[in-house]
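Okay, start-v8.cif now, which holds mmCIF, C-alpha atoms:
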```
data_input
loop_
_atom_site.group_PDB
_atom_site.id
_atom_site.type_symbol
_atom_site.label_atom_id
_atom_site.label_comp_id
_atom_site.auth_asym_id
_atom_site.auth_seq_id
_atom_site.Cartn_x
_atom_site.Cartn_y
_atom_site.Cartn_z
ATOM 1 C CA MET A 987 -27.610 1.693 29.423
ATOM 2 C CA MET A 988 -27.590 0.046 26.050
ATOM 3 C CA ASN A 989 -26.461 2.215 23.195
ATOM 4 C CA LYS A 990 -28.602 2.186 20.105
ATOM 5 C CA GLN A 991 -27.263 3.185 16.742
ATOM 6 C CA LYS A 992 -29.655 5.520 14.973
ATOM 7 C CA VAL A 993 -30.551 4.724 11.405
ATOM 8 C CA GLN A 994 -31.082 7.517 8.960
ATOM 9 C CA THR A 995 -34.539 7.485 7.365
ATOM 10 C CA MET A 996 -33.219 8.030 3.866
ATOM 11 C CA GLN A 997 -30.632 5.990 2.002
ATOM 12 C CA ILE A 998 -27.277 7.760 1.945
ATOM 13 C CA ARG A 999 -25.907 8.077 -1.579
ATOM 14 C CA THR A 1000 -23.231 10.010 -3.340
ATOM 15 C CA THR A 1001 -23.969 12.551 -6.025
ATOM 16 C CA ASP A 1002 -23.716 9.901 -8.728
ATOM 17 C CA GLY A 1003 -26.121 7.528 -6.944
ATOM 18 C CA GLU A 1004 -23.451 5.257 -5.477
ATOM 19 C CA ILE A 1005 -24.242 3.736 -2.096
ATOM 20 C CA ILE A 1006 -21.858 4.665 0.708
ATOM 21 C CA GLU A 1007 -21.541 3.291 4.223
ATOM 22 C CA LYS A 1008 -24.002 4.165 6.978
ATOM 23 C CA PRO A 1009 -24.613 2.619 10.441
ATOM 24 C CA ALA A 1010 -27.152 -0.180 10.671
ATOM 25 C CA LEU A 1011 -29.750 -0.560 13.429
ATOM 26 C CA SER A 1012 -28.147 -2.797 16.040
ATOM 27 C CA TYR A 1013 -27.997 -3.453 19.777
ATOM 28 C CA GLY A 1014 -25.015 -4.510 21.840
ATOM 29 C CA SER A 1015 -24.412 -7.550 23.983
ATOM 30 C CA GLY A 1016 -26.899 -6.607 26.742
ATOM 31 C CA LEU A 1017 -30.097 -6.950 24.725
ATOM 32 C CA SER A 1018 -28.528 -9.535 22.460
ATOM 33 C CA PHE A 1019 -28.054 -12.022 25.314
ATOM 34 C CA VAL A 1020 -31.614 -11.435 26.485
ATOM 35 C CA PHE A 1021 -32.818 -12.102 22.963
ATOM 36 C CA LEU A 1022 -30.604 -15.193 22.821
ATOM 37 C CA LEU A 1023 -32.311 -16.558 25.930
ATOM 38 C CA LEU A 1024 -35.671 -15.878 24.278
ATOM 39 C CA VAL A 1025 -34.562 -17.787 21.183
ATOM 40 C CA LEU A 1026 -33.460 -20.735 23.302
ATOM 41 C CA THR A 1027 -36.821 -20.642 25.099
ATOM 42 C CA LEU A 1028 -38.627 -20.695 21.764
ATOM 43 C CA LEU A 1029 -36.490 -23.613 20.679
ATOM 44 C CA ALA A 1030 -37.348 -25.539 23.826
ATOM 45 C CA GLY A 1031 -41.046 -24.665 23.418
ATOM 46 C CA SER A 1032 -41.056 -25.804 19.788
ATOM 47 C CA ILE A 1033 -39.434 -29.126 20.695
ATOM 48 C CA TYR A 1034 -41.809 -29.621 23.615
ATOM 49 C CA GLY A 1035 -44.860 -28.853 21.450
ATOM 50 C CA PHE A 1036 -43.710 -31.306 18.796
ATOM 51 C CA ILE A 1037 -43.191 -34.091 21.362
ATOM 52 C CA MET A 1038 -46.576 -33.472 22.980
ATOM 53 C CA ALA A 1039 -48.257 -33.407 19.565
ATOM 54 C CA VAL A 1040 -46.800 -36.828 18.761
ATOM 55 C CA GLN A 1041 -47.917 -38.237 22.117
ATOM 56 C CA ALA A 1042 -51.436 -36.783 21.705
ATOM 57 C CA THR A 1043 -51.700 -38.348 18.256
ATOM 58 C CA GLU A 1044 -50.749 -41.748 19.672
ATOM 59 C CA THR A 1045 -53.446 -41.458 22.385
ATOM 60 C CA ASP A 1046 -56.127 -40.293 19.901
ATOM 61 C CA GLU A 1047 -56.386 -36.846 21.505
ATOM 62 C CA SER A 1048 -56.777 -34.970 18.215
ATOM 63 C CA VAL A 1049 -57.721 -31.603 19.716
ATOM 64 C CA ALA A 1050 -54.731 -31.540 22.050
ATOM 65 C CA GLY A 1051 -52.484 -32.859 19.295
ATOM 66 C CA THR A 1052 -53.598 -30.103 16.945
ATOM 67 C CA TYR A 1053 -53.037 -27.502 19.657
ATOM 68 C CA PHE A 1054 -49.516 -28.722 20.412
ATOM 69 C CA ALA A 1055 -48.648 -29.062 16.719
ATOM 70 C CA LEU A 1056 -49.854 -25.525 16.024
ATOM 71 C CA SER A 1057 -47.838 -24.267 18.993
ATOM 72 C CA ALA A 1058 -44.707 -26.042 17.720
ATOM 73 C CA VAL A 1059 -45.144 -24.472 14.259
ATOM 74 C CA VAL A 1060 -45.655 -20.986 15.692
ATOM 75 C CA PHE A 1061 -42.652 -21.322 17.980
ATOM 76 C CA GLY A 1062 -40.594 -22.629 15.046
ATOM 77 C CA VAL A 1063 -41.528 -19.704 12.797
ATOM 78 C CA VAL A 1064 -40.735 -17.177 15.525
ATOM 79 C CA LEU A 1065 -37.496 -19.065 16.186
ATOM 80 C CA LEU A 1066 -36.448 -18.669 12.546
ATOM 81 C CA PHE A 1067 -37.098 -14.941 12.764
ATOM 82 C CA GLY A 1068 -35.081 -14.791 15.963
ATOM 83 C CA LEU A 1069 -32.121 -16.655 14.525
ATOM 84 C CA THR A 1070 -31.864 -14.156 11.652
ATOM 85 C CA SER A 1071 -31.699 -11.324 14.201
ATOM 86 C CA LEU A 1072 -28.481 -12.448 15.881
ATOM 87 C CA ASP A 1073 -25.005 -11.975 14.485
ATOM 88 C CA ILE A 1074 -21.481 -12.313 15.833
ATOM 89 C CA VAL A 1075 -18.934 -9.708 14.758
ATOM 90 C CA SER A 1076 -15.272 -10.291 15.621
ATOM 91 C CA PRO A 1077 -12.789 -7.459 16.347
ATOM 92 C CA GLY A 1078 -11.448 -6.045 13.099
ATOM 93 C CA GLN A 1079 -14.540 -7.244 11.235
ATOM 94 C CA THR A 1080 -17.782 -5.576 10.131
ATOM 95 C CA SER A 1081 -21.106 -6.936 8.945
ATOM 96 C CA VAL A 1082 -22.651 -5.337 5.856
ATOM 97 C CA ARG A 1083 -26.416 -5.905 6.223
ATOM 98 C CA GLN A 1084 -28.986 -6.045 3.447
ATOM 99 C CA PHE A 1085 -32.721 -6.693 3.498
ATOM 100 C CA PHE A 1086 -33.961 -8.591 0.430
ATOM 101 C CA GLY A 1087 -31.208 -7.042 -1.709
ATOM 102 C CA ARG A 1088 -31.424 -3.524 -0.240
ATOM 103 C CA TYR A 1089 -28.472 -2.176 1.736
ATOM 104 C CA ILE A 1090 -29.611 -1.048 5.190
ATOM 105 C CA GLY A 1091 -26.279 -0.322 6.884
ATOM 106 C CA THR A 1092 -23.048 -1.684 8.358
ATOM 107 C CA VAL A 1093 -22.570 -3.066 11.862
ATOM 108 C CA ARG A 1094 -19.170 -2.135 13.307
ATOM 109 C CA ARG A 1095 -19.832 -3.014 16.982
ATOM 110 C CA THR A 1096 -18.259 -6.322 17.994
ATOM 111 C CA GLY A 1097 -19.487 -9.331 19.924
ATOM 112 C CA LEU A 1098 -22.997 -10.781 19.915
ATOM 113 C CA VAL A 1099 -25.175 -8.212 18.128
ATOM 114 C CA TRP A 1100 -28.916 -7.936 17.538
ATOM 115 C CA VAL A 1101 -29.788 -6.798 14.013
ATOM 116 C CA PRO A 1102 -33.101 -6.388 12.174
ATOM 117 C CA PRO A 1103 -34.679 -9.794 11.413
ATOM 118 C CA LEU A 1104 -34.611 -11.372 7.962
ATOM 119 C CA THR A 1105 -31.460 -9.451 7.053
ATOM 120 C CA THR A 1106 -28.359 -11.081 5.642
ATOM 121 C CA GLY A 1107 -24.811 -9.979 6.348
ATOM 122 C CA LYS A 1108 -21.468 -10.086 4.585
ATOM 123 C CA LYS A 1109 -18.365 -9.990 6.729
ATOM 124 C CA VAL A 1110 -15.807 -7.373 5.631
ATOM 125 C CA SER A 1111 -12.436 -7.023 7.343
ATOM 126 C CA VAL A 1112 -11.272 -3.498 8.206
ATOM 127 C CA LYS A 1113 -7.844 -4.611 9.378
ATOM 128 C CA ILE A 1114 -4.722 -3.101 7.835
ATOM 129 C CA ARG A 1115 -3.376 -5.405 5.138
ATOM 130 C CA ASN A 1116 -0.410 -5.351 2.790
ATOM 131 C CA PHE A 1117 0.883 -7.128 -0.277
ATOM 132 C CA GLU A 1118 3.802 -6.880 -2.680
ATOM 133 C CA THR A 1119 3.135 -6.389 -6.357
ATOM 134 C CA GLN A 1120 4.723 -8.588 -8.949
ATOM 135 C CA GLU A 1121 8.073 -7.424 -10.281
ATOM 136 C CA LEU A 1122 7.080 -5.490 -13.383
ATOM 137 C CA LYS A 1123 9.241 -4.823 -16.428
ATOM 138 C CA VAL A 1124 8.644 -1.280 -17.675
ATOM 139 C CA ASN A 1125 10.515 1.473 -19.501
ATOM 140 C CA ASP A 1126 11.591 4.535 -17.534
ATOM 141 C CA LEU A 1127 11.418 8.115 -18.824
ATOM 142 C CA ASP A 1128 14.605 7.580 -20.890
ATOM 143 C CA GLY A 1129 13.259 4.375 -22.422
ATOM 144 C CA ASN A 1130 15.516 2.060 -20.430
ATOM 145 C CA PRO A 1131 13.877 -1.244 -19.414
ATOM 146 C CA ILE A 1132 13.772 -1.666 -15.631
ATOM 147 C CA ASN A 1133 12.327 -4.140 -13.136
ATOM 148 C CA ILE A 1134 10.292 -2.566 -10.345
ATOM 149 C CA ALA A 1135 7.987 -3.740 -7.537
ATOM 150 C CA ALA A 1136 6.254 -2.074 -4.591
ATOM 151 C CA ILE A 1137 4.696 -2.935 -1.219
ATOM 152 C CA VAL A 1138 1.174 -1.552 -0.696
ATOM 153 C CA VAL A 1139 -0.327 -1.121 2.795
ATOM 154 C CA TRP A 1140 -4.112 -0.625 2.687
ATOM 155 C CA LYS A 1141 -7.425 -1.117 4.469
ATOM 156 C CA VAL A 1142 -11.169 -0.937 3.805
ATOM 157 C CA ALA A 1143 -12.501 2.493 4.757
ATOM 158 C CA ASP A 1144 -16.038 2.307 3.288
ATOM 159 C CA THR A 1145 -17.503 -1.184 3.554
ATOM 160 C CA ALA A 1146 -20.544 -0.411 1.399
ATOM 161 C CA ARG A 1147 -18.460 0.754 -1.538
ATOM 162 C CA ALA A 1148 -16.095 -2.197 -1.145
ATOM 163 C CA VAL A 1149 -19.018 -4.632 -1.405
ATOM 164 C CA TYR A 1150 -21.318 -2.917 -3.906
ATOM 165 C CA SER A 1151 -19.107 -0.685 -6.090
ATOM 166 C CA VAL A 1152 -16.667 -3.311 -7.408
ATOM 167 C CA GLU A 1153 -16.885 -7.041 -8.064
ATOM 168 C CA LYS A 1154 -13.952 -8.150 -5.891
ATOM 169 C CA TYR A 1155 -12.152 -5.345 -4.114
ATOM 170 C CA GLU A 1156 -9.029 -7.386 -3.314
ATOM 171 C CA GLU A 1157 -8.447 -8.215 -6.984
ATOM 172 C CA PHE A 1158 -9.323 -4.609 -7.836
ATOM 173 C CA ILE A 1159 -6.601 -3.097 -5.648
ATOM 174 C CA HIS A 1160 -3.998 -5.585 -6.922
ATOM 175 C CA THR A 1161 -4.720 -4.655 -10.540
ATOM 176 C CA GLN A 1162 -4.825 -0.914 -9.861
ATOM 177 C CA SER A 1163 -1.564 -1.085 -7.899
ATOM 178 C CA GLU A 1164 0.274 -2.564 -10.858
ATOM 179 C CA ALA A 1165 -1.279 -0.007 -13.216
ATOM 180 C CA ALA A 1166 -0.276 2.913 -10.975
ATOM 181 C CA LEU A 1167 3.239 1.506 -10.536
ATOM 182 C CA ARG A 1168 3.688 1.210 -14.313
ATOM 183 C CA HIS A 1169 2.554 4.796 -14.862
ATOM 184 C CA VAL A 1170 4.757 6.332 -12.159
ATOM 185 C CA ALA A 1171 7.804 4.379 -13.352
ATOM 186 C CA THR A 1172 7.415 5.698 -16.902
ATOM 187 C CA ILE A 1173 7.445 9.385 -15.884
ATOM 188 C CA HIS A 1174 10.766 9.245 -14.004
ATOM 189 C CA PRO A 1175 14.279 8.332 -15.163
ATOM 190 C CA TYR A 1176 16.008 5.498 -13.368
ATOM 191 C CA ASP A 1177 19.087 7.611 -12.673
ATOM 192 C CA GLU A 1178 20.775 10.880 -13.673
ATOM 193 C CA PRO A 1179 17.699 13.154 -13.602
ATOM 194 C CA GLY A 1180 17.588 16.353 -15.609
ATOM 195 C CA PRO A 1181 16.667 19.788 -14.285
ATOM 196 C CA GLY A 1182 13.435 19.605 -12.295
ATOM 197 C CA GLU A 1183 13.265 15.796 -12.554
ATOM 198 C CA THR A 1184 13.303 13.135 -9.853
ATOM 199 C CA SER A 1185 15.020 9.799 -10.423
ATOM 200 C CA LEU A 1186 13.570 6.503 -9.293
ATOM 201 C CA ARG A 1187 16.794 5.546 -7.522
ATOM 202 C CA GLY A 1188 17.633 8.887 -5.965
ATOM 203 C CA GLY A 1189 14.127 10.137 -5.087
ATOM 204 C CA THR A 1190 12.557 7.018 -3.605
ATOM 205 C CA ASP A 1191 10.528 8.917 -0.996
ATOM 206 C CA ILE A 1192 9.125 11.359 -3.558
ATOM 207 C CA VAL A 1193 8.299 8.586 -6.021
ATOM 208 C CA SER A 1194 6.618 6.540 -3.260
ATOM 209 C CA ALA A 1195 4.485 9.551 -2.284
ATOM 210 C CA GLU A 1196 3.436 10.079 -5.913
ATOM 211 C CA LEU A 1197 2.595 6.396 -6.226
ATOM 212 C CA ALA A 1198 0.516 6.465 -3.020
ATOM 213 C CA ALA A 1199 -1.405 9.546 -4.209
ATOM 214 C CA GLU A 1200 -2.175 8.061 -7.621
ATOM 215 C CA LEU A 1201 -3.188 4.697 -6.183
ATOM 216 C CA SER A 1202 -5.455 6.409 -3.617
ATOM 217 C CA ALA A 1203 -7.265 8.220 -6.433
ATOM 218 C CA ARG A 1204 -7.701 4.957 -8.328
ATOM 219 C CA VAL A 1205 -9.132 2.873 -5.447
ATOM 220 C CA SER A 1206 -11.213 5.520 -3.652
ATOM 221 C CA MET A 1207 -14.251 4.503 -5.717
ATOM 222 C CA ALA A 1208 -14.031 1.072 -4.069
ATOM 223 C CA GLY A 1209 -13.951 2.512 -0.536
ATOM 224 C CA LEU A 1210 -10.313 1.538 0.005
ATOM 225 C CA GLU A 1211 -7.706 3.635 1.816
ATOM 226 C CA ILE A 1212 -3.986 3.546 1.026
ATOM 227 C CA VAL A 1213 -1.885 3.745 4.185
ATOM 228 C CA GLU A 1214 1.575 3.585 2.609
ATOM 229 C CA VAL A 1215 3.341 2.566 -0.594
ATOM 230 C CA ARG A 1216 7.063 1.791 -0.777
ATOM 231 C CA ILE A 1217 9.327 0.709 -3.638
ATOM 232 C CA SER A 1218 10.593 -2.759 -2.706
ATOM 233 C CA SER A 1219 12.602 -3.695 -5.803
ATOM 234 C CA LEU A 1220 14.310 -1.527 -8.412
ATOM 235 C CA ALA A 1221 16.959 -2.546 -10.953
ATOM 236 C CA TYR A 1222 17.833 -2.358 -14.619
ATOM 237 C CA ALA A 1223 16.504 -5.226 -16.725
ATOM 238 C CA PRO A 1224 19.071 -8.054 -17.150
ATOM 239 C CA GLU A 1225 19.594 -7.363 -20.870
ATOM 240 C CA ILE A 1226 21.003 -3.862 -20.209
ATOM 241 C CA ALA A 1227 22.266 -4.255 -16.648
ATOM 242 C CA GLN A 1228 25.887 -4.959 -17.737
ATOM 243 C CA ALA A 1229 25.966 -2.027 -20.156
ATOM 244 C CA MET A 1230 24.529 0.331 -17.541
ATOM 245 C CA LEU A 1231 27.093 -0.907 -15.005
ATOM 246 C CA GLN A 1232 29.897 -0.110 -17.425
ATOM 247 C CA ARG A 1233 28.404 3.353 -18.007
ATOM 248 C CA GLN A 1234 28.233 3.976 -14.276
ATOM 249 C CA GLN A 1235 31.832 2.807 -13.854
ATOM 250 C CA ALA A 1236 32.961 5.080 -16.685
ATOM 251 C CA GLY A 1237 31.133 7.999 -15.112
ATOM 252 C CA ALA A 1238 32.810 7.276 -11.788
ATOM 253 C CA VAL A 1239 36.250 7.148 -13.439
ATOM 254 C CA ILE A 1240 35.634 10.451 -15.255
ATOM 255 C CA ALA A 1241 34.442 12.106 -12.060
ATOM 256 C CA ALA A 1242 37.533 10.870 -10.210
ATOM 257 C CA ARG A 1243 39.813 12.092 -12.991
ATOM 258 C CA GLU A 1244 38.189 15.511 -12.953
ATOM 259 C CA GLN A 1245 38.758 15.794 -9.223
ATOM 260 C CA ILE A 1246 42.406 14.686 -9.543
ATOM 261 C CA VAL A 1247 43.109 17.145 -12.341
ATOM 262 C CA GLU A 1248 41.415 19.986 -10.477
ATOM 263 C CA GLY A 1249 43.475 19.234 -7.386
ATOM 264 C CA ALA A 1250 46.698 18.971 -9.399
ATOM 265 C CA VAL A 1251 46.135 22.320 -11.135
ATOM 266 C CA THR A 1252 45.483 23.964 -7.782
ATOM 267 C CA MET A 1253 48.681 22.527 -6.315
ATOM 268 C CA VAL A 1254 50.776 23.638 -9.331
ATOM 269 C CA ASP A 1255 49.322 27.138 -9.149
ATOM 270 C CA GLN A 1256 50.124 27.377 -5.450
ATOM 271 C CA ALA A 1257 53.671 26.106 -6.053
ATOM 272 C CA LEU A 1258 54.392 28.708 -8.742
ATOM 273 C CA LYS A 1259 52.939 31.531 -6.659
ATOM 274 C CA ARG A 1260 54.982 30.438 -3.630
ATOM 275 C CA LEU A 1261 58.209 30.384 -5.666
ATOM 276 C CA GLU A 1262 57.585 33.887 -6.982
ATOM 277 C CA GLN A 1263 56.389 35.244 -3.635
ATOM 278 C CA ASP A 1264 59.399 33.999 -1.681
ATOM 279 C CA ASP A 1265 61.764 34.884 -4.554
ATOM 280 C CA ILE A 1266 63.255 31.407 -4.446
ATOM 281 C CA VAL A 1267 63.939 31.117 -8.163
ATOM 282 C CA THR A 1268 63.074 33.127 -11.252
ATOM 283 C CA LEU A 1269 61.696 31.107 -14.150
ATOM 284 C CA ASP A 1270 60.933 32.229 -17.648
ATOM 285 C CA ASP A 1271 57.764 31.093 -19.450
ATOM 286 C CA GLU A 1272 59.458 28.081 -21.021
ATOM 287 C CA ARG A 1273 60.730 26.790 -17.668
ATOM 288 C CA LYS A 1274 57.374 27.469 -16.041
ATOM 289 C CA ALA A 1275 55.673 25.432 -18.749
ATOM 290 C CA GLN A 1276 58.146 22.593 -18.252
ATOM 291 C CA MET A 1277 57.670 22.701 -14.492
ATOM 292 C CA VAL A 1278 53.905 22.674 -14.858
ATOM 293 C CA SER A 1279 54.132 19.706 -17.221
ATOM 294 C CA ASN A 1280 56.367 17.759 -14.831
ATOM 295 C CA LEU A 1281 54.200 18.482 -11.785
ATOM 296 C CA LEU A 1282 50.999 17.500 -13.593
ATOM 297 C CA VAL A 1283 52.586 14.231 -14.714
ATOM 298 C CA VAL A 1284 53.660 13.453 -11.159
ATOM 299 C CA LEU A 1285 50.336 14.415 -9.568
ATOM 300 C CA CYS A 1286 48.003 12.868 -12.170
ATOM 301 C CA SER A 1287 49.899 9.685 -12.934
ATOM 302 C CA GLU A 1288 48.442 6.426 -11.645
ATOM 303 C CA GLN A 1289 51.952 4.997 -11.209
ATOM 304 C CA ASN A 1290 54.924 6.198 -9.207
ATOM 305 C CA THR A 1291 57.175 8.470 -11.280
ATOM 306 C CA THR A 1292 60.988 8.156 -11.424
ATOM 307 C CA PRO A 1293 62.761 11.492 -10.844
ATOM 308 C CA VAL A 1294 65.672 12.560 -13.065
ATOM 309 C CA ILE A 1295 68.355 14.680 -11.383
ATOM 310 C CA ASN A 1296 69.909 17.422 -13.520
ATOM 311 C CA ALA A 1297 73.609 17.599 -12.657
ATOM 312 C CA GLY A 1298 74.298 20.578 -14.975
ATOM 313 C CA SER A 1299 72.921 24.078 -15.055
ATOM 314 C CA LEU A 1300 69.293 24.973 -15.257
ATOM 315 C CA TYR A 1301 69.428 25.352 -19.037
ATOM 316 C CA SER A 1302 71.575 22.329 -19.906
#
```
Please rewrite the model in this file as structure tokens.
Amino acid sequence: MMNKQKVQTMQIRTTDGEIIEKPALSYGSGLSFVFLLLVLTLLAGSIYGFIMAVQATETDESVAGTYFALSAVVFGVVLLFGLTSLDIVSPGQTSVRQFFGRYIGTVRRTGLVWVPPLTTGKKVSVKIRNFETQELKVNDLDGNPINIAAIVVWKVADTARAVYSVEKYEEFIHTQSEAALRHVATIHPYDEPGPGETSLRGGTDIVSAELAAELSARVSMAGLEIVEVRISSLAYAPEIAQAMLQRQQAGAVIAAREQIVEGAVTMVDQALKRLEQDDIVTLDDERKAQMVSNLLVVLCSEQNTTPVINAGSLYS
């Protein structure tokens, strides 16, 4: 049996009067092909009536000519009505129908579809689409200029809002994506976050989730759904990139030095404790200080040290 989509008797609207999507009256391919055959029959009848009217006029049969001409006109008018009642909807596409400027619903069934006559349709794709924003130059939370871009995966969820709420929904989502990306980039530091902060470089997943949530709130009025947002490009601006690289290198050197010193102090402490525990040698405070100094020089030096052998006593 043919499935018929029920049409609500009242126009569906949001609380602020904005039109939202509803199903349009439509029939599937079964009735549509029957109606197509009827349209072709009307076309043949209109052509036949026109030809017979011309022949009757040539043979001075005015009554018959008038009859055939009237039949051709009637068939032609009905044919025009019939042609406006057929539509073809491809997979991944919808047809937003309106009747003399009034939205009557959206057809989501695919194939050859019968729709109410004298209605016009606008094709709207509901396929998943994506685009990459332009690389934007913004300042992060610390005021450092950075270059950032993102990939946005989206689709049309409400075809009525996409058509009637905004002028051009594709341009709308591009503009809102850049605006949301600018805002999210300014509330996070590029690197080295403080307590409770998330950096753009270290918290990519968190930042992407925040960006997706903000962009969803911005484009929901246009009936668009955000599937995923990912940061695709992130770097310091060229004018400060060299300085930031030097700062990162200095930080890495300091961190390495701290680890070397911490390890050296631990080794010296263990050496002194082992000497005292095993009663190998007894050192006064001055000799302990000298030994600590020598061990730290050997362990922390970047170059190989040259040992000096004391051929005398311990104190000379």
For the file shown, what are the residues hit by the PyMOL selection byres ((chain A and resi 1150-1162) around 12), laid out as a PyMOL selection string? chain A and resi 999-1000+1002-1007+1082-1084+1087-1089+1108+1110-1111+1115-1120+1136-1149+1163-1169+1197-1198+1200-1212
As a check of understanding: the span from atom CA of A:Lys1123 to atom CA of A:Pro1179 is 20.1 Å
Between A:Ala1171, A:Gly1189, A:Gln1245, A:Ser1194, smallest distance to A:Asn1125 by only C-alpha atoms belongs to A:Ala1171
Computed gap from atom CA of A:Leu1122 to atom CA of A:Ala1135 is 6.2 Å
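Going from atom CA of A:Thr1190 over to atom CA of A:Gly1129, you cover 19.0 Å.
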Residue IDs satisfying the PyMOL selection byres ((chain A and resi 1090-1098) around 6), as an mmCIF file with C-alpha atoms, in the frame of the given file:
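Final file, out-v9.cif:
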```cif
data_model
loop_
_atom_site.group_PDB
_atom_site.id
_atom_site.type_symbol
_atom_site.label_atom_id
_atom_site.label_comp_id
_atom_site.auth_asym_id
_atom_site.auth_seq_id
_atom_site.Cartn_x
_atom_site.Cartn_y
_atom_site.Cartn_z
ATOM 1 C CA LYS A 1008 -24.002 4.165 6.978
ATOM 2 C CA PRO A 1009 -24.613 2.619 10.441
ATOM 3 C CA ALA A 1010 -27.152 -0.180 10.671
ATOM 4 C CA SER A 1015 -24.412 -7.550 23.983
ATOM 5 C CA ASP A 1073 -25.005 -11.975 14.485
ATOM 6 C CA ILE A 1074 -21.481 -12.313 15.833
ATOM 7 C CA VAL A 1075 -18.934 -9.708 14.758
ATOM 8 C CA SER A 1076 -15.272 -10.291 15.621
ATOM 9 C CA PRO A 1077 -12.789 -7.459 16.347
ATOM 10 C CA THR A 1080 -17.782 -5.576 10.131
ATOM 11 C CA SER A 1081 -21.106 -6.936 8.945
ATOM 12 C CA VAL A 1082 -22.651 -5.337 5.856
ATOM 13 C CA ARG A 1083 -26.416 -5.905 6.223
ATOM 14 C CA GLN A 1084 -28.986 -6.045 3.447
ATOM 15 C CA TYR A 1089 -28.472 -2.176 1.736
ATOM 16 C CA VAL A 1099 -25.175 -8.212 18.128
#
```
Check: Within 12 Å of A:Thr1268, counting only C-alpha atoms, which residues qualify if same-chain residues fewer than 6 places away don't, as a PyMOL selection string?
Finding: chain A and resi 1258-1262+1274+1300
Convert the current residue selection to file output with C-alpha atoms, as an mmCIF file, in the frame of the given file.
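Result went into again.cif, see below:
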```
data_model
loop_
_atom_site.group_PDB
_atom_site.id
_atom_site.type_symbol
_atom_site.label_atom_id
_atom_site.label_comp_id
_atom_site.auth_asym_id
_atom_site.auth_seq_id
_atom_site.Cartn_x
_atom_site.Cartn_y
_atom_site.Cartn_z
ATOM 1 C CA LEU A 1258 54.392 28.708 -8.742
ATOM 2 C CA LYS A 1259 52.939 31.531 -6.659
ATOM 3 C CA ARG A 1260 54.982 30.438 -3.630
ATOM 4 C CA LEU A 1261 58.209 30.384 -5.666
ATOM 5 C CA GLU A 1262 57.585 33.887 -6.982
ATOM 6 C CA LYS A 1274 57.374 27.469 -16.041
ATOM 7 C CA LEU A 1300 69.293 24.973 -15.257
#
```
Going by the chain IDs and residue numbers used in this file, which residues fall under the PyMOL selection byres ((chain A and resi 1221) around 10)? Write them as a PDB file with C-alpha atoms, in the coordinates of the input.
```
ATOM      1  CA  LYS A1123       9.241  -4.823 -16.428  1.00  0.00           C
ATOM      2  CA  PRO A1131      13.877  -1.244 -19.414  1.00  0.00           C
ATOM      3  CA  ILE A1132      13.772  -1.666 -15.631  1.00  0.00           C
ATOM      4  CA  ASN A1133      12.327  -4.140 -13.136  1.00  0.00           C
ATOM      5  CA  ILE A1134      10.292  -2.566 -10.345  1.00  0.00           C
ATOM      6  CA  ALA A1135       7.987  -3.740  -7.537  1.00  0.00           C
ATOM      7  CA  TYR A1176      16.008   5.498 -13.368  1.00  0.00           C
ATOM      8  CA  LEU A1186      13.570   6.503  -9.293  1.00  0.00           C
ATOM      9  CA  ARG A1187      16.794   5.546  -7.522  1.00  0.00           C
ATOM     10  CA  SER A1219      12.602  -3.695  -5.803  1.00  0.00           C
ATOM     11  CA  LEU A1220      14.310  -1.527  -8.412  1.00  0.00           C
ATOM     12  CA  TYR A1222      17.833  -2.358 -14.619  1.00  0.00           C
ATOM     13  CA  ALA A1223      16.504  -5.226 -16.725  1.00  0.00           C
ATOM     14  CA  PRO A1224      19.071  -8.054 -17.150  1.00  0.00           C
ATOM     15  CA  ALA A1227      22.266  -4.255 -16.648  1.00  0.00           C
TER      16      ALA A1227
END
```
Which polymer residues have any atom within 8 Å of an atom of A:Val1251, counting only C-alpha atoms, with same-chain residues fewer than 4 positions away left out, as a VMD selection string? chain A and resid 1247 1255 1282
Could you name the residues that touch A:Asp1177 at 10 Å or less, counting all atoms listed in the file, but leaving out those on the same chain fewer than 2 positions away, as a ChimeraX atom specification? /A:1126-1128,1174-1175,1179-1180,1184-1189,1234
Using only C-alpha atoms, give me every residue within 6 Å of (43.8, 10.6, -9.9) in file coordinates, as an NGL selection string. :A and (1243 or 1246 or 1286)
task: Identify which of the residues A:Ser1071, A:Gln1256, A:Ser1012, A:Gln1263 lies closest to A:Val1278, counting all atoms listed in the file when measuring atom-to-atom distances.
output: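 Looking only at the distances to A:Val1278, the closest residue turns out to be A:Gln1256.
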Where is the centre and how long are the edges: axis-aligned box on stretch 1259-1276 of chain A, 5 Å on each side, Å to one decimal, as AutoDock Vina command-line options:
```
--center_x 58.4 --center_y 28.9 --center_z -11.4 --size_x 21.0 --size_y 22.7 --size_z 29.3
```
Can you put N, CA and C atoms back into stretch 1259-1263 of chain A and show it as a PDB file, keeping the file's coordinate frame?
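Final output, rebuild-v5.pdb:
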```
ATOM      1  N   LYS A1259      53.124  30.298  -7.413  1.00  0.00           N
ATOM      2  CA  LYS A1259      52.939  31.531  -6.659  1.00  0.00           C
ATOM      3  C   LYS A1259      53.879  31.595  -5.468  1.00  0.00           C
ATOM      4  N   ARG A1260      54.089  30.461  -4.797  1.00  0.00           N
ATOM      5  CA  ARG A1260      54.982  30.438  -3.630  1.00  0.00           C
ATOM      6  C   ARG A1260      56.434  30.703  -4.039  1.00  0.00           C
ATOM      7  N   LEU A1261      56.848  30.154  -5.195  1.00  0.00           N
ATOM      8  CA  LEU A1261      58.209  30.384  -5.666  1.00  0.00           C
ATOM      9  C   LEU A1261      58.437  31.853  -5.991  1.00  0.00           C
ATOM     10  N   GLU A1262      57.457  32.471  -6.640  1.00  0.00           N
ATOM     11  CA  GLU A1262      57.585  33.887  -6.982  1.00  0.00           C
ATOM     12  C   GLU A1262      57.483  34.777  -5.745  1.00  0.00           C
ATOM     13  N   GLN A1263      56.596  34.425  -4.829  1.00  0.00           N
ATOM     14  CA  GLN A1263      56.389  35.244  -3.635  1.00  0.00           C
ATOM     15  C   GLN A1263      57.628  35.251  -2.749  1.00  0.00           C
TER      16      GLN A1263
END
```
